[in-house]
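Enquirer: Here it is, the structure, as structure tokens.
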Amino acid sequence: MKDDIKIEVAKLLLKIKAVFLRPEEPFTWASGIKSPIYCDNRLILSYPNERNLIENFMAEQVKNYFPDTEIIMGTATAGISHAALIAERLNLPMGYVRSSAKDHGRENQIEGKINTGQKTIVIEDLISTGGSVIECVKTLRAAGADVLGIISIFTYGMKKGLERFEAENIKNYSLCDLDTLVKVAVSEKYISPDDEKRLLKFRDNPSDESWRL
């Protein structure tokens, strides 16, 4: 991903407050981990200009990195709207993958028609350790899809996530990452240089709360 795109997306996320940086008052994840950052990319949908920019960037990444793509699949729920907007731009079929199969009706986990061998891209809004999107990829592969990779808006770039992608032979391209975002946040005085060091230390090992000291 080009650095100028990463920087532009970082500025956009900070401007619309889709990303909150609070080293002094950390957020608590569902896992119990204390985090100095909270990312809510759903807010992008509420800002038409910023939304169009993000979707255009993501559509371009699909064309650049995966030109043979035949279908766009979103992760439920945050990736669905972005997948739909990107599919519209590229004039491609679209569907989405639930975290688990429904307990009624046809009990689908994959919504939308997907054919065996169909070259598929997964759209995700946020990647931390990568667990949920990897399960999505596995579900699609089990259904016969040829998953080429993932296009995401933001990644923390955590070691665990990178190792998981490598182990599963999954390519991911994110519009922005934590390293770029904290550099922009320092330059625009959202946080201090000391806060940047703490955020990157958190990225290296989220379970180690020594970053808070």
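By convention in this document, the chains of the structure tokens carry letters A, B, ... by their order, each chain's residues are numbered from 1, and ligands are numbered from 1 in the order they are shown.
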Please extract the residues of stretch 1-122 of chain A with a backbone DSSP assignment of strand (DSSP E or B) and present them as a list in words.
Expert: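 Written out, the strand (DSSP E or B) residues of stretch 1-122 of chain A are Val19, Phe20, Leu21, Phe27, Thr28, Lys34, Ser35, Ile37, Tyr38, Cys39, Ile71, Ile72, Met73, Gly74, Thr75, Met94, Gly95, Tyr96, Val97, Ile110, Glu111, Lys119, Thr120, Ile121 and Val122 of chain A.
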Enquirer: Take the residues that were just selected and, keeping C-alpha atoms, output them as a CSV table (one decimal), in the first residue's frame.
Expert:
```
chain,number,residue,atom,x,y,z
A,19,VAL,CA,-10.3,6.2,15.8
A,20,PHE,CA,-9.9,7.2,19.5
A,21,LEU,CA,-6.4,7.3,21.1
A,27,PHE,CA,-10.5,1.0,26.5
A,28,THR,CA,-11.4,-2.6,27.5
A,34,LYS,CA,-6.7,-2.9,28.0
A,35,SER,CA,-6.2,-1.0,24.8
A,37,ILE,CA,-6.9,2.7,20.9
A,38,TYR,CA,-10.4,2.1,19.8
A,39,CYS,CA,-11.3,1.9,16.1
A,71,ILE,CA,-17.0,-12.0,-6.4
A,72,ILE,CA,-16.8,-9.7,-3.4
A,73,MET,CA,-17.6,-11.2,0.0
A,74,GLY,CA,-18.0,-9.1,3.2
A,75,THR,CA,-17.6,-10.1,6.8
A,94,MET,CA,-21.5,-9.8,-3.8
A,95,GLY,CA,-22.4,-11.7,-0.7
A,96,TYR,CA,-21.4,-12.0,2.9
A,97,VAL,CA,-20.3,-14.5,5.6
A,110,ILE,CA,-22.7,-17.8,3.5
A,111,GLU,CA,-25.3,-15.4,2.1
A,119,LYS,CA,-12.1,-16.2,-7.4
A,120,THR,CA,-13.1,-14.4,-4.2
A,121,ILE,CA,-12.0,-11.3,-2.2
A,122,VAL,CA,-13.0,-10.8,1.4
```
Enquirer: If you count only C-alpha atoms, which residues fall within 12 Å of stretch 131-137 of chain A, apart from same-chain ones fewer than 4 positions away, as JSON, numbers by chain?
Expert: {"A": [73, 74, 75, 76, 77, 78, 79, 96, 97, 98, 99, 100, 101, 109, 110, 120, 121, 122, 123, 124, 125, 126, 127, 141, 142, 143, 144, 145, 146, 147, 148, 149, 150, 151, 152, 155, 158, 160, 161, 162, 163, 164, 165, 166, 167, 168, 169, 170, 171, 172]}
Enquirer: Please identify the helix (DSSP H, G or I) residues within chain A (assignment by DSSP from backbone atoms) and present them as a PyMOL selection string.
Expert: chain A and resi 3-15+41-46+48-65+78-90+131-142+159-167+178-187+193-204+209-212
Enquirer: So what do you get for atom CA of A:Ile54 versus atom CA of A:Pro36, distance-wise?
Expert: 24.2 Å
Enquirer: Per residue of stretch 98-201 of chain A within 12 Å of stretch 7-14 of chain A, what are the shortest atom pair and its distance in Å to one decimal, counting only C-alpha atoms, with rows by chain and residue number, as JSON lines?
Expert:
```
{"residue": "A:Ser152", "atom": "CA", "partner": "A:Val9", "partner_atom": "CA", "distance": 11.9}
{"residue": "A:Ile153", "atom": "CA", "partner": "A:Val9", "partner_atom": "CA", "distance": 8.5}
{"residue": "A:Phe154", "atom": "CA", "partner": "A:Val9", "partner_atom": "CA", "distance": 9.0}
{"residue": "A:Thr155", "atom": "CA", "partner": "A:Ala10", "partner_atom": "CA", "distance": 11.3}
{"residue": "A:Ser174", "atom": "CA", "partner": "A:Val9", "partner_atom": "CA", "distance": 10.3}
{"residue": "A:Leu175", "atom": "CA", "partner": "A:Val9", "partner_atom": "CA", "distance": 6.8}
{"residue": "A:Cys176", "atom": "CA", "partner": "A:Val9", "partner_atom": "CA", "distance": 6.2}
{"residue": "A:Asp177", "atom": "CA", "partner": "A:Ala10", "partner_atom": "CA", "distance": 8.0}
{"residue": "A:Leu178", "atom": "CA", "partner": "A:Ala10", "partner_atom": "CA", "distance": 8.8}
{"residue": "A:Asp179", "atom": "CA", "partner": "A:Ala10", "partner_atom": "CA", "distance": 9.9}
{"residue": "A:Thr180", "atom": "CA", "partner": "A:Ile7", "partner_atom": "CA", "distance": 6.4}
{"residue": "A:Leu181", "atom": "CA", "partner": "A:Ala10", "partner_atom": "CA", "distance": 5.0}
{"residue": "A:Val182", "atom": "CA", "partner": "A:Ala10", "partner_atom": "CA", "distance": 8.5}
{"residue": "A:Lys183", "atom": "CA", "partner": "A:Ile7", "partner_atom": "CA", "distance": 8.9}
{"residue": "A:Val184", "atom": "CA", "partner": "A:Ala10", "partner_atom": "CA", "distance": 6.8}
{"residue": "A:Ala185", "atom": "CA", "partner": "A:Leu14", "partner_atom": "CA", "distance": 7.6}
{"residue": "A:Val186", "atom": "CA", "partner": "A:Lys11", "partner_atom": "CA", "distance": 11.2}
{"residue": "A:Ser187", "atom": "CA", "partner": "A:Lys11", "partner_atom": "CA", "distance": 10.4}
{"residue": "A:Glu188", "atom": "CA", "partner": "A:Lys11", "partner_atom": "CA", "distance": 8.8}
{"residue": "A:Lys189", "atom": "CA", "partner": "A:Leu14", "partner_atom": "CA", "distance": 11.1}
{"residue": "A:Tyr190", "atom": "CA", "partner": "A:Leu14", "partner_atom": "CA", "distance": 8.5}
{"residue": "A:Ile191", "atom": "CA", "partner": "A:Leu14", "partner_atom": "CA", "distance": 11.3}
```
Enquirer: Which residue, A:Gly157, A:Ala84, A:Pro26, A:Phe57, has the smallest gap to A:Arg203 when you use only C-alpha atoms?
Expert: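 For A:Arg203, the nearest of the given residues is A:Gly157.
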